[in-house]
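Okay, structure first, notes after.
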Amino acid sequence: MPLETVQRLELLVRLMVSLRGLGRGSVLYLDGRSEPVLSVPVVSRRRSMAVLVVQDGGGWSYLWDAAHRTPAGSVRVAAELIAGVTR
């Protein structure tokens with residue numbers, strides 16, 4: 001498994017633990033050919049929100065709803081923002 005995939009996986013597991021601490025569940029998908037994706041149920045709708053870990057100039061970040069980004073070093077902040085999504 002490529003090192004970048006392992007790093008993404010580790011960061012998503014940290015986010016899962018933080019979300020769990022806030023009472024939110026999540027499911028981690030790790031397809032054999034693609035990067036890991038965290039699926040977080042949206043409270044007010046019957047859908048899930050995908051959370052990715054992306055690499056940018058400043059390091060790793062959590063990305064969700066295609067527009068929201070938080071540095072991976074701020075996992076608790078990311079978890080609180082993701083847990084607050086109700087739409």
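Chains: A, B, ... in order of the structure tokens. Residues: from 1 per chain. Ligands: from 1, in order shown.
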
Close residues, segment 34-36 of chain A itself excluded, 8 Å, only C-alpha atoms, min 5 positions apart in chain, as a list in words = Thr5, Arg8, Leu9, Leu12, Leu28, Tyr29 and Leu52 of chain A

Keeping only N, CA and C atoms, write the selected residues as a CSV table (one decimal), in the first residue's frame.
chain,number,residue,atom,x,y,z
A,5,THR,N,-1.5,6.6,1.0
A,5,THR,CA,-2.7,5.9,1.4
A,5,THR,C,-2.8,5.6,2.8
A,8,ARG,N,-3.4,8.7,4.8
A,8,ARG,CA,-4.8,9.1,4.7
A,8,ARG,C,-5.7,8.2,5.6
A,9,LEU,N,-5.4,7.0,5.6
A,9,LEU,CA,-6.1,6.0,6.4
A,9,LEU,C,-6.0,6.3,7.9
A,12,LEU,N,-7.9,9.5,8.8
A,12,LEU,CA,-9.4,9.2,8.8
A,12,LEU,C,-9.8,8.5,10.1
A,28,LEU,N,-15.8,3.7,7.4
A,28,LEU,CA,-14.6,3.9,6.6
A,28,LEU,C,-14.6,2.9,5.4
A,29,TYR,N,-14.5,3.5,4.2
A,29,TYR,CA,-14.5,2.6,3.0
A,29,TYR,C,-13.0,2.6,2.5
A,52,LEU,N,-12.8,13.3,2.8
A,52,LEU,CA,-11.5,12.8,2.2
A,52,LEU,C,-10.4,13.5,3.0

Give me the residues within 10 Å of Gly73 of chain A as a VMD selection string, counting only C-alpha atoms and dropping any in the same chain fewer than 5 places off.
-> chain A and resid 11 59 to 62 78

Fewer than 3 positions away in the same chain doesn't count, so skip those; otherwise give me all residues within 12 Å of Val43 of chain A, counting only C-alpha atoms, as an mmCIF file with C-alpha atoms, in the first residue's frame.
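Writing the result to part25.cif gives the following:
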data_model
loop_
_atom_site.group_PDB
_atom_site.id
_atom_site.type_symbol
_atom_site.label_atom_id
_atom_site.label_comp_id
_atom_site.auth_asym_id
_atom_site.auth_seq_id
_atom_site.Cartn_x
_atom_site.Cartn_y
_atom_site.Cartn_z
ATOM 1 C CA GLY A 23 -21.689 10.844 19.517
ATOM 2 C CA ARG A 24 -21.492 10.631 15.715
ATOM 3 C CA GLY A 25 -20.940 7.427 13.827
ATOM 4 C CA SER A 26 -19.045 6.965 10.597
ATOM 5 C CA VAL A 40 -20.650 10.339 7.908
ATOM 6 C CA ARG A 46 -31.143 10.254 4.557
ATOM 7 C CA ARG A 47 -27.741 10.678 3.062
ATOM 8 C CA SER A 48 -24.115 10.454 4.008
ATOM 9 C CA MET A 49 -21.374 12.978 3.580
ATOM 10 C CA ILE A 82 -18.571 17.836 10.457
ATOM 11 C CA ALA A 83 -20.774 16.781 13.379
ATOM 12 C CA GLY A 84 -22.622 20.091 13.085
ATOM 13 C CA VAL A 85 -23.677 19.507 9.474
ATOM 14 C CA THR A 86 -27.437 19.048 9.467
ATOM 15 C CA ARG A 87 -28.494 19.888 5.939
#

Residue set, chain A restricted to strand (DSSP E), as a list of chain:residue names =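 Answer for chain A, restricted to strand (DSSP E): A:Val27, A:Leu28, A:Tyr29, A:Val37, A:Leu38, A:Ser39, A:Val40, A:Pro41, A:Ser48, A:Met49, A:Ala50, A:Val51, A:Leu52, A:Val53, A:Val54, A:Gln55, A:Asp56, A:Gly59, A:Trp60, A:Ser61, A:Tyr62, A:Leu63, A:Trp64, A:His68, A:Arg69, A:Thr70, A:Pro71.
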
Check the DSSP output for the backbone and give back, as JSON, numbers by chain, the residues of chain A in alpha helix (DSSP H).
-> {"A": [3, 4, 5, 6, 7, 8, 9, 10, 11, 12, 13, 14, 15, 16, 17, 18, 19, 20, 21, 75, 76, 77, 78, 79, 80, 81, 82, 83]}

Residue with the minimum atom-to-atom distance to Thr70 of chain A, picked from A:Pro2, A:Val27, A:Arg20, A:Leu15 with only C-alpha atoms counted, is A:Leu15

Could you tell me how far atom CA of Gln55 of chain A lies from atom CA of Val37 of chain A, in Å and to one decimal?
->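 Distance between the two atoms: 14.1 Å.
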
Please measure the separation of atom CA of Gly32 of chain A and atom CA of Glu4 of chain A, giving the value in Å to one decimal.
->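 Going from atom CA of Gly32 of chain A over to atom CA of Glu4 of chain A covers 14.3 Å.
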
Between atom CA of Ala72 of chain A and atom CA of Gly58 of chain A, distance in Å (one decimal) =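 Interatomic distance, atom CA of Ala72 of chain A to atom CA of Gly58 of chain A: 10.1 Å.
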
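Here the question is which of A:Val42, A:Leu19, A:Val51, A:Met1 gets nearest to Trp64 of chain A using only C-alpha atoms, and that residue is A:Val51.
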